[in-house]
Structure formats: structure tokens, C-alpha cells
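Undergrad: So I've got this file, model-v7.txt, and it contains compact mmCIF, C-alpha atoms:
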# COMPACT_ATOMS: atom_id res chain seq x y z
CA MET A 123 53.12 47.64 123.56
CA ASN A 124 54.62 50.73 121.92
CA GLN A 125 52.78 53.11 119.64
CA ARG A 126 54.61 51.94 116.51
CA ALA A 127 53.45 48.36 117.02
CA LEU A 128 49.85 49.54 117.54
CA SER A 129 50.05 51.57 114.32
CA ILE A 130 51.36 48.58 112.34
CA LEU A 131 48.56 46.42 113.71
CA GLU A 132 46.02 49.19 112.85
CA PHE A 133 44.66 48.97 116.37
CA ASP A 134 42.65 52.20 115.95
CA LYS A 135 40.81 50.73 112.95
CA VAL A 136 39.99 47.59 114.93
CA CYS A 137 38.53 49.77 117.69
CA GLY A 138 36.56 51.68 115.04
CA LEU A 139 34.88 48.43 113.98
CA LEU A 140 33.40 48.16 117.48
CA GLU A 141 31.53 51.47 117.34
CA PRO A 142 28.34 50.28 115.54
CA TYR A 143 27.89 47.63 118.24
CA ILE A 144 28.24 49.92 121.26
CA ALA A 145 24.80 50.34 122.86
CA THR A 146 25.38 53.19 125.30
CA GLU A 147 26.40 56.84 125.13
CA ILE A 148 29.14 56.34 127.70
CA GLY A 149 30.39 53.30 125.81
CA ARG A 150 30.62 55.26 122.56
CA ALA A 151 32.50 58.06 124.33
CA ASN A 152 35.03 55.61 125.76
CA GLY A 153 35.12 53.04 122.99
CA MET A 154 37.92 54.71 121.05
CA LYS A 155 39.94 55.23 124.25
CA ILE A 156 40.35 51.53 124.90
CA GLY A 157 43.98 50.58 125.36
CA CYS A 158 45.96 47.45 124.76
CA ALA A 159 46.61 44.99 127.55
CA GLY A 160 50.10 45.65 128.87
CA THR A 161 50.93 42.02 129.63
CA TYR A 162 50.30 38.55 128.30
CA GLU A 163 48.24 37.74 131.39
CA GLY A 164 46.16 40.87 130.86
CA ALA A 165 45.51 39.91 127.24
CA CYS A 166 44.40 36.43 128.34
CA ILE A 167 41.93 37.93 130.82
CA ARG A 168 40.40 40.16 128.13
CA LEU A 169 40.07 37.21 125.77
CA GLN A 170 38.30 35.25 128.51
CA GLU A 171 35.93 38.18 129.05
CA THR A 172 35.22 38.29 125.32
CA GLU A 173 34.56 34.54 125.22
CA GLU A 174 32.15 34.80 128.16
CA ALA A 175 30.32 37.74 126.58
CA ASP A 176 30.03 35.89 123.28
CA SER A 177 28.69 32.86 125.13
CA VAL A 178 26.03 34.97 126.88
CA ILE A 179 24.87 36.53 123.61
CA ARG A 180 24.71 33.17 121.82
CA ARG A 181 22.72 31.51 124.60
CA SER A 182 20.36 34.40 125.39
CA GLY A 183 19.89 35.50 121.78
CA SER A 184 20.95 39.12 122.29
CA SER A 185 23.09 41.39 124.40
CA PRO A 186 21.68 41.85 127.90
CA ILE A 187 22.70 45.52 127.84
CA ASP A 188 20.25 47.95 126.20
CA SER A 189 20.91 51.60 125.50
CA PHE A 190 20.56 54.04 128.39
CA PRO A 191 21.30 57.77 128.80
CA ASP A 192 24.41 59.24 130.38
CA LEU A 193 23.37 60.29 133.90
CA ARG A 194 26.72 61.52 135.20
CA GLU A 195 25.87 65.22 135.03
CA LEU A 196 22.37 64.56 136.36
CA LEU A 197 23.78 62.69 139.37
CA LEU A 198 25.98 65.66 140.24
CA ARG A 199 22.83 67.79 140.39
CA VAL A 200 21.08 65.20 142.57
CA HIS A 201 23.98 65.22 145.02
CA ALA A 202 23.69 69.01 145.10
CA CYS A 203 20.01 68.57 146.14
CA HIS A 204 18.61 69.95 142.86
CA SER A 205 15.22 68.74 141.65
CA LEU A 206 14.78 66.71 138.47
CA SER A 207 12.41 67.28 135.57
CA CYS A 208 9.96 64.67 134.31
CA ARG A 209 12.27 63.84 131.41
CA GLU A 210 15.22 63.35 133.74
CA LEU A 211 13.21 61.11 136.06
CA LEU A 212 12.21 58.98 133.07
CA GLU A 213 15.90 58.73 132.16
CA VAL A 214 16.63 57.51 135.69
CA ARG A 215 13.90 54.90 135.32
CA ARG A 216 15.41 53.76 132.01
CA CYS A 217 18.82 53.29 133.63
CA LEU A 218 17.33 51.39 136.54
CA TYR A 219 15.47 49.11 134.13
CA VAL A 220 18.61 48.37 132.10
CA SER A 221 20.60 47.74 135.28
CA ARG A 222 17.99 45.30 136.60
CA ARG A 223 17.61 43.50 133.29
CA THR A 224 21.38 43.19 132.83
CA PHE A 225 21.88 41.87 136.36
CA ASP A 226 18.99 39.38 136.09
CA THR A 227 20.25 38.06 132.76
CA LEU A 228 23.93 37.75 133.64
CA SER A 229 23.32 36.35 137.13
CA SER A 230 21.38 33.48 135.56
CA PHE A 231 24.67 32.15 134.13
CA ASP A 232 27.04 30.37 136.52
CA ASP A 233 30.01 30.02 134.14
CA ILE A 234 31.01 33.64 133.50
CA PRO A 235 33.35 34.49 136.41
CA ARG A 236 35.14 37.26 134.50
CA LEU A 237 31.92 39.13 133.69
CA ALA A 238 30.69 38.63 137.26
CA VAL A 239 33.27 41.22 138.33
CA TYR A 240 31.37 43.81 136.30
CA TYR A 241 27.71 42.95 136.89
CA SER A 242 28.02 42.13 140.60
CA GLY A 243 27.95 45.86 141.36
CA LEU A 244 24.60 46.36 139.63
CA THR A 245 21.48 46.68 141.76
CA SER A 246 17.79 46.07 141.21
CA LYS A 247 15.46 48.85 142.44
CA LYS A 248 12.22 47.91 140.76
CA TYR A 249 10.12 49.69 143.38
CA ILE A 250 11.74 52.98 142.28
CA GLU A 251 11.06 52.13 138.62
CA ASP A 252 7.43 51.43 139.47
CA GLU A 253 7.05 54.62 141.51
CA ILE A 254 8.44 56.78 138.70
CA ALA A 255 6.14 55.03 136.21
CA ARG A 256 3.17 55.65 138.52
CA CYS A 257 3.91 59.35 138.98
CA ILE A 258 5.31 60.43 135.59
CA ILE A 259 3.03 60.11 132.57
CA SER A 260 5.33 61.71 129.99
CA GLU A 261 8.19 64.20 129.69
CA ASP A 262 5.68 67.01 130.21
CA GLU A 263 3.06 65.56 132.53
CA ILE A 264 2.88 64.38 136.13
CA ALA A 265 0.00 62.12 137.15
CA ASP A 266 -2.72 63.59 139.37
CA ASN A 267 -2.17 60.85 141.94
CA ALA A 268 1.59 61.41 142.17
CA SER A 269 0.87 62.70 145.69
CA PRO A 270 -2.26 63.38 147.76
CA GLU A 271 -1.43 67.10 147.87
CA LEU A 272 -1.07 67.35 144.09
CA ALA A 273 -4.37 65.51 143.63
CA ARG A 274 -6.07 67.96 146.02
CA ILE A 275 -4.62 71.02 144.26
CA ARG A 276 -5.64 69.79 140.82
CA ARG A 277 -9.17 69.05 142.02
CA GLN A 278 -9.38 72.62 143.29
CA LEU A 279 -8.04 73.95 139.99
CA THR A 280 -10.67 71.99 138.09
CA LEU A 281 -13.43 73.38 140.29
CA VAL A 282 -12.17 76.96 139.96
CA THR A 283 -11.82 76.57 136.18
CA GLU A 284 -15.39 75.32 135.90
CA ARG A 285 -16.65 78.26 137.98
CA MET A 286 -14.76 80.72 135.77
CA LYS A 287 -16.25 79.18 132.64
CA GLU A 288 -19.73 79.34 134.15
CA LYS A 289 -19.21 83.03 135.02
CA LEU A 290 -17.93 83.86 131.54
CA ASN A 291 -20.78 81.92 129.94
CA SER A 292 -23.28 83.93 131.93
CA MET A 293 -21.56 87.12 130.76
CA ILE A 294 -21.56 86.33 127.03
CA HIS A 295 -25.26 85.37 127.23
CA SER A 296 -26.19 88.43 129.24
CA GLN A 297 -28.56 90.76 127.33
CA SER A 298 -26.97 93.82 128.91
CA LEU A 299 -23.42 92.84 127.91
CA GLN A 300 -23.92 91.35 124.46
CA LYS A 301 -23.92 94.77 122.78
CA HIS A 302 -20.37 95.30 124.06
CA LEU A 303 -19.02 91.99 122.76
CA GLN A 304 -17.35 91.59 119.39
CA GLU A 305 -18.40 87.91 119.47
CA PRO A 306 -20.22 85.84 122.13
CA ILE A 307 -17.33 83.40 122.63
CA ILE A 308 -14.75 82.52 125.29
CA THR A 309 -11.14 82.48 124.18
CA VAL A 310 -7.69 82.23 125.76
CA ARG A 311 -5.10 85.01 125.72
CA ASN A 312 -1.72 84.82 127.46
CA GLY A 313 -2.88 81.72 129.30
CA ARG A 314 -6.04 83.38 130.66
CA TYR A 315 -9.70 82.97 129.76
CA ALA A 316 -11.03 86.08 128.05
CA ILE A 317 -14.00 87.38 126.06
CA PRO A 318 -13.63 89.59 122.95
CA VAL A 319 -14.89 93.08 123.78
CA LYS A 320 -15.37 95.91 121.28
CA ALA A 321 -12.63 98.52 121.65
CA ALA A 322 -15.26 101.24 122.07
CA SER A 323 -16.72 99.36 125.05
CA ARG A 324 -13.49 98.63 126.87
CA ASN A 325 -14.52 100.79 129.83
CA GLN A 326 -18.02 99.34 130.00
CA ILE A 327 -17.03 95.88 131.22
CA PRO A 328 -14.92 95.44 134.38
CA GLY A 329 -11.72 93.49 133.97
CA MET A 330 -8.27 93.80 132.45
CA ILE A 331 -7.11 93.78 128.82
CA HIS A 332 -4.95 90.78 127.95
CA ASP A 333 -4.53 91.32 124.22
CA GLN A 334 -5.67 93.42 121.28
CA SER A 335 -6.59 92.48 117.74
CA ALA A 336 -4.40 93.57 114.83
CA SER A 337 -7.13 95.94 113.63
CA GLY A 338 -7.50 97.45 117.09
CA GLN A 339 -11.28 96.91 117.00
CA THR A 340 -11.26 94.14 119.64
Let me see the structure of the file written as C-alpha cells.
TA:
Amino acid sequence: MNQRALSILEFDKVCGLLEPYIATEIGRANGMKIGCAGTYEGACIRLQETEEADSVIRRSGSSPIDSFPDLRELLLRVHACHSLSCRELLEVRRCLYVSRRTFDTLSSFDDIPRLAVYYSGLTSKKYIEDEIARCIISEDEIADNASPELARIRRQLTLVTERMKEKLNSMIHSQSLQKHLQEPIITVRNGRYAIPVKAASRNQIPGMIHDQSASGQT
């Protein structure tokens, strides 16, 4: 079909009506690029696909395809042996979930041969979904039991942190050191535990200076 005929039929406006119903980022990016079937047979196939999709939605109550992130750039990094962040692993889990749910839903229908061409390539990897869910708590946190080595390291960190706090507590309650402290408290500066020392006593207590008050007194 030539461009003039598409313009008369306002094909671009018809495609624009689809946009609110597109569930995925990739779908939205490609939705306006959809072309017309070049033959009568091709148009018939697309109509059959549309009829099958409409049948699935009517019988299941909703579209089997949920939204999922675009992983194309992420997959290039995986193939280059780069590591993934927690957020990216959660995005992978989301895609795996949508793939599994879509396959399970569509494969339950035995009268959608046209759509079968599309969903037959989907795979179900629930054990990967479950493993990501077990190891990743949020976009910023990995579970302690993600691996035995991580659990061991974090146990050691907890023990060392407790020992540091005990040492600092003994210092701020020490009669000999209290006169050098601005306040008998433990604070955090630049990610390190610290105690506020009077500027005049900076050479009286061993350690390193992590910060200074605006007044210069502490």
C-alpha cells in the first residue's frame, strides 16, 4: 500500500489509538513503527491474530502480558561478563515472571495457533526467579544468606562493630578522658564512628580527625 493511501486512511492516527494500551517499553517504542500488511493474505493473518488475542482477553479477563523493563542494553553487558546491580537483577526477575505468566496463560488455550508462533519461544525459569527473590531484598540490599561467604563476612562485621562500640563506650565513660570530650557521645563522621573531642585536646587522645565543627571548637 502506498503512502498516499495510508495518509487518506489516517493510518498513523489509528496506530496512535493503540498507544494507551501498550503495556511494555519496547512495545511503546515500536508501536508507531508498525507497518501495513503488504498483501491480502498478510492482512488476513493479522486479523486472525487480533481475533485470537481478543478471545484470550475476553476469556481470561485481562491481557496475559504485564509491563516489564527493556533489558536489551543490560543483556549486552551480561554477554560482556559485566556484573549486575540489585536493581538490574530485580528487573531480570520481573521479565522472567512476565514471560512465565504469559506462557502459562497462553499455553492453556488450544485454539490460538497464530499466537502460538509468538509465545512458543517463551521459557519458564522459576528457579531463577526464586533465587533472585531469595538473595535480593531491595534495590539497595542483598540478603545476608545470599551466599555462605557473604553471611560469614557480615557476621564478622557485626562482631567488629560491636567491639568498636564497646571500646568507644569505655572511652567516653573513662574518668581520665572525659575532660577532653566536648560531649560523652558516639557519633558518625564520613562513615566512621567517632567521639567529639575538644579542639584544645586534639593531641591528648590517640586517633585521627575525621571532621571539625563549624565553630572549630570540636
Undergrad: So how far away is CA of Asn291 in chain A from CA of Pro306 in chain A, in Å?
TA: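 About the pair CA of Pro306 in chain A and CA of Asn291 in chain A: they are 8.8 Å apart.
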Undergrad: Between A:Ala316, A:Ile148, A:Ile156, A:Leu211, which one has atoms that come closest to Lys135 in chain A, using only C-alpha atoms?
TA: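 Closest candidate: A:Ile156.
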Undergrad: Kindly indicate which residue among A:Thr224, A:Thr146, A:Ser129, A:Glu288 lies nearest to Ser184 in chain A, using all atoms listed in the file for the distances.
TA: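 Using all atoms listed in the file, Ser184 in chain A sits closest to A:Thr224.
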Undergrad: Between CA of Ser207 in chain A and CA of Glu261 in chain A, what distance in Å does the model show, to one decimal?
TA: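 Between CA of Ser207 in chain A and CA of Glu261 in chain A the gap is 7.9 Å.
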Undergrad: Measure the distance from CA of Val178 in chain A to CA of Cys166 in chain A in Å and round it to one decimal.
TA: 18.5 Å
Undergrad: What's around Ala265 in chain A at 12 Å? Count all atoms listed in the file, leave out sequence neighbours fewer than 4 positions away in its own chain, and write the answer as a PDB file with C-alpha atoms, in the coordinates of the input.
TA:
ATOM      1  CA  CYS A 208       9.960  64.670 134.310  1.00  0.00           C
ATOM      2  CA  GLU A 253       7.050  54.620 141.510  1.00  0.00           C
ATOM      3  CA  ILE A 254       8.440  56.780 138.700  1.00  0.00           C
ATOM      4  CA  ALA A 255       6.140  55.030 136.210  1.00  0.00           C
ATOM      5  CA  ARG A 256       3.170  55.650 138.520  1.00  0.00           C
ATOM      6  CA  CYS A 257       3.910  59.350 138.980  1.00  0.00           C
ATOM      7  CA  ILE A 258       5.310  60.430 135.590  1.00  0.00           C
ATOM      8  CA  ILE A 259       3.030  60.110 132.570  1.00  0.00           C
ATOM      9  CA  SER A 260       5.330  61.710 129.990  1.00  0.00           C
ATOM     10  CA  GLU A 261       8.190  64.200 129.690  1.00  0.00           C
ATOM     11  CA  SER A 269       0.870  62.700 145.690  1.00  0.00           C
ATOM     12  CA  PRO A 270      -2.260  63.380 147.760  1.00  0.00           C
ATOM     13  CA  GLU A 271      -1.430  67.100 147.870  1.00  0.00           C
ATOM     14  CA  LEU A 272      -1.070  67.350 144.090  1.00  0.00           C
ATOM     15  CA  ALA A 273      -4.370  65.510 143.630  1.00  0.00           C
ATOM     16  CA  ARG A 276      -5.640  69.790 140.820  1.00  0.00           C
TER      17      ARG A 276
END
Undergrad: From the set A:Gly149, A:Gly243, A:Gly157, A:Pro186, which residue has the shortest atom-to-atom contact distance to Val136 in chain A, counting all atoms listed in the file?
TA: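 Ranking A:Gly149, A:Gly243, A:Gly157, A:Pro186 by distance to Val136 in chain A, first place goes to A:Gly157.
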Undergrad: Rank nothing, just name the residue among A:Arg126, A:His295, A:Arg181, A:Arg199 nearest to Ser230 in chain A, using all atoms listed in the file.
TA: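 Closest to Ser230 in chain A, using all atoms listed in the file: A:Arg181.
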